[in-house]
Amino acid sequence: MVIATAIITRALRNHCRQKSKPFLSPLFTHEKFSHSLHRLQNPSRRTIMLQSTPGSCVQLQRLSDSDSGIVVVNLDRPEVKNAIGKDMLRDLQHSLETINDDPCVNVMMISSSVPKVFCAGADLKERRTMSSSEAHCFVNTLRSTFTFLEELRLPTIAVIEGAALGGGLEMALSCDLRICGDDAILALPETGLAIIPGAGGTQRLPRLVGKSMAKELIFTGRKIGGKQAMMMGLVNHCVPAGEAHLKALEIAREINRKGPFAIRMAKRAINDGLEINITSALQLEEECYEALLHTKDRLEGLAAFAEKRKPRYTGG
């Protein structure tokens with residue numbers, strides 16, 4: 001987790017601080033964010049009921065029965081096509097912290113309740129009212145939020161129907177998996193506004209599609225469709241329009257049936273291992289495997305296999 005901590009620390013180091021009252025009053029101040037990272041690594045066993053505040057731009061839905069353990073985060077700001085403004089960012093921060101604090105959540109899906117759009121990016125009308133320092137603070141907070149999303153202890157799936165532009169695509173890039181409909185439109189158009197993708201896009205996109213292709217997409221700001229996005233490795237699956245949620249739920253159900261702690265260790269081994277040399281990465285893999293050897297879930301998995309039944313994992 002050293003590398004993950006370093007990534008978040010770098011994001012926090014760049015987070016602006018004003019002498020007066022903070023512009024965004026972000027949830028992720030240095031102290032709060034460090035505490036959140038500690039909980040990310042050592043989640044409490046206390047169960048938190050997921051509830052959405054009336055009028056919130058982000059709605060949480062806990063699935064039940066056989067889908068217990070899956071949570072859906074719905075972006076819900078239809079009047080501006082889910083553009084990310086100050087209020088929506090606060091709601092997203094709160095939702096991510098709530099989910100990370102709940103040990104009963106095994107998989108998270110991020111989708112949109114607005115037809116034909118995932119997220120249109122930053123709220124540019126709101127951005128026009130900001131000073132340069134305020135805009136800088138907002139983007140830094142957005143970057144820190146997406147870093148927190150990327151480092152959540154549980155698997156995350158972006159469900160993309162329609163447009164995912166700018167910050168909307170950067171949000172999807174911060175998830176572990178991406179599922180889109182074939183009518184999806186994806187782009188990082190920031191250079192057309194004389195800026196660059198500032199919430200992680202210049203770093204996460206090349207790690208998915210390669211340096212040369214990422215440069216072309218960012219330099220030109222070109223929009224691509226769902227099928228093209230799948231061919232270049234930007235999304236995991238491209239399905240007929242309107243079916244992305246069903247496909248994402250299918251994958252979430254597969255993950256939800258596996259050992260929760262094993263999934264967390266696999267995510268840690270993959271994410272952190274890619275940032276270090278192969279020798280260190282293999283040592284990290286050994287540490288993650290060793291952490292699973294004495295768990296109740298591992299014994300339950302062996303017992304279920306021997307008894308030819310479905311395992312009943314508890315995350316312990």
# chains A, B, ... in the order shown; residues from 1 in each chain; ligands from 1

call {"tool": "residues_around", "arguments": {"residues": "Glu190 (chain A)", "least_positions_apart": "6", "cutoff": "8 Å", "atoms": "only C-alpha atoms", "output": "list in words"}}
result
Gly166, Ile196, Pro197, Ile218 and Gly221 of chain A

call {"tool": "residues_around", "arguments": {"residues": "region 228-237 of chain A", "least_positions_apart": "3", "cutoff": "8 Å", "atoms": "only C-alpha atoms", "output": "number ranges by chain"}}
result
A: 177-180, 186, 205, 208-209, 224-225

call {"tool": "atom_distance", "arguments": {"atom1": "CA of Arg62 (chain A)", "atom2": "CA of Asp102 (chain A)"}}
result
11.2 Å

call {"tool": "residues_around", "arguments": {"residues": "region 80-87 of chain A", "least_positions_apart": "2", "cutoff": "8 Å", "atoms": "only C-alpha atoms", "output": "JSON, numbers by chain"}}
result
{"A": [24, 57, 75, 76, 77, 78, 89, 90, 91, 112, 114, 117, 118, 119, 120, 121, 122, 123, 126, 138, 167, 168]}

call {"tool": "closest_residue", "arguments": {"among": "A:Val107, A:Leu154, A:Leu217, A:Leu124", "to": "Leu193 (chain A)", "atoms": "only C-alpha atoms"}}
result
A:Leu124

call {"tool": "atom_distance", "arguments": {"atom1": "CA of Thr202 (chain A)", "atom2": "CA of Ile160 (chain A)"}}
result
20.0 Å

call {"tool": "residues_around", "arguments": {"residues": "Asp67 (chain A)", "least_positions_apart": "3", "cutoff": "10 Å", "atoms": "only C-alpha atoms", "output": "ChimeraX atom specification"}}
result
/A:62-64,70-71,107,249,252-253,256-257

call {"tool": "write_last_selection", "arguments": {"atoms": "all heavy atoms", "output": "compact mmCIF listing (two decimals), in the first residue's frame"}}
result
# COMPACT_ATOMS: atom_id res chain seq x y z
N ARG A 62 -28.81 0.40 -2.29
CA ARG A 62 -28.28 -0.88 -1.85
C ARG A 62 -29.18 -1.98 -2.40
O ARG A 62 -30.40 -1.99 -2.17
CB ARG A 62 -28.24 -0.96 -0.33
CG ARG A 62 -27.69 -2.29 0.19
CD ARG A 62 -28.08 -2.54 1.63
NE ARG A 62 -27.43 -1.63 2.55
CZ ARG A 62 -26.23 -1.87 3.09
NH1 ARG A 62 -25.58 -2.96 2.77
NH2 ARG A 62 -25.71 -1.02 3.92
N LEU A 63 -28.62 -2.91 -3.17
CA LEU A 63 -29.39 -4.03 -3.67
C LEU A 63 -29.57 -5.06 -2.56
O LEU A 63 -28.81 -5.10 -1.60
CB LEU A 63 -28.70 -4.65 -4.89
CG LEU A 63 -28.39 -3.69 -6.04
CD1 LEU A 63 -27.94 -4.47 -7.29
CD2 LEU A 63 -29.59 -2.81 -6.39
N SER A 64 -30.59 -5.89 -2.69
CA SER A 64 -30.95 -6.79 -1.60
C SER A 64 -31.03 -8.24 -2.08
O SER A 64 -30.75 -8.56 -3.24
CB SER A 64 -32.29 -6.37 -0.99
OG SER A 64 -33.30 -6.35 -1.99
N ILE A 70 -24.00 -5.45 -3.20
CA ILE A 70 -23.82 -4.58 -4.37
C ILE A 70 -24.51 -3.25 -4.11
O ILE A 70 -25.66 -3.21 -3.69
CB ILE A 70 -24.39 -5.22 -5.64
CG1 ILE A 70 -23.73 -6.57 -5.91
CG2 ILE A 70 -24.22 -4.29 -6.84
CD1 ILE A 70 -24.34 -7.35 -7.07
N VAL A 71 -23.80 -2.16 -4.37
CA VAL A 71 -24.37 -0.82 -4.21
C VAL A 71 -24.25 -0.08 -5.54
O VAL A 71 -23.22 -0.17 -6.22
CB VAL A 71 -23.65 -0.04 -3.10
CG1 VAL A 71 -23.99 1.44 -3.14
CG2 VAL A 71 -24.02 -0.60 -1.74
N VAL A 107 -19.17 -4.65 -3.88
CA VAL A 107 -19.00 -4.14 -5.24
C VAL A 107 -19.79 -2.85 -5.37
O VAL A 107 -20.90 -2.74 -4.84
CB VAL A 107 -19.49 -5.13 -6.31
CG1 VAL A 107 -19.08 -4.67 -7.71
CG2 VAL A 107 -18.99 -6.53 -6.04
N LEU A 249 -24.23 -5.31 -13.97
CA LEU A 249 -24.80 -6.05 -12.85
C LEU A 249 -24.42 -7.52 -12.92
O LEU A 249 -24.14 -8.15 -11.88
CB LEU A 249 -26.32 -5.90 -12.85
CG LEU A 249 -27.08 -6.55 -11.69
CD1 LEU A 249 -26.58 -6.04 -10.35
CD2 LEU A 249 -28.58 -6.33 -11.83
N ALA A 252 -20.94 -7.61 -11.65
CA ALA A 252 -20.96 -7.33 -10.21
C ALA A 252 -21.41 -8.56 -9.43
O ALA A 252 -20.87 -8.86 -8.35
CB ALA A 252 -21.87 -6.14 -9.92
N ARG A 253 -22.38 -9.28 -9.96
CA ARG A 253 -22.86 -10.49 -9.29
C ARG A 253 -21.78 -11.57 -9.25
O ARG A 253 -21.63 -12.28 -8.24
CB ARG A 253 -24.10 -11.02 -10.00
CG ARG A 253 -25.35 -10.21 -9.72
CD ARG A 253 -26.49 -10.58 -10.65
NE ARG A 253 -27.74 -9.94 -10.24
CZ ARG A 253 -28.81 -9.83 -11.02
NH1 ARG A 253 -28.77 -10.29 -12.27
NH2 ARG A 253 -29.90 -9.23 -10.57
N ASN A 256 -19.40 -10.50 -6.58
CA ASN A 256 -20.04 -10.55 -5.27
C ASN A 256 -20.07 -11.95 -4.68
O ASN A 256 -20.18 -12.12 -3.47
CB ASN A 256 -21.47 -9.99 -5.37
CG ASN A 256 -22.06 -9.63 -4.03
OD1 ASN A 256 -21.38 -9.12 -3.15
ND2 ASN A 256 -23.36 -9.88 -3.87
N ARG A 257 -19.97 -12.95 -5.54
CA ARG A 257 -19.98 -14.34 -5.06
C ARG A 257 -18.60 -14.82 -4.60
O ARG A 257 -18.48 -15.88 -4.00
CB ARG A 257 -20.51 -15.27 -6.16
CG ARG A 257 -21.99 -15.12 -6.45
CD ARG A 257 -22.50 -16.25 -7.32
NE ARG A 257 -22.01 -16.16 -8.69
CZ ARG A 257 -22.65 -15.57 -9.68
NH1 ARG A 257 -23.84 -15.01 -9.45
NH2 ARG A 257 -22.16 -15.53 -10.91
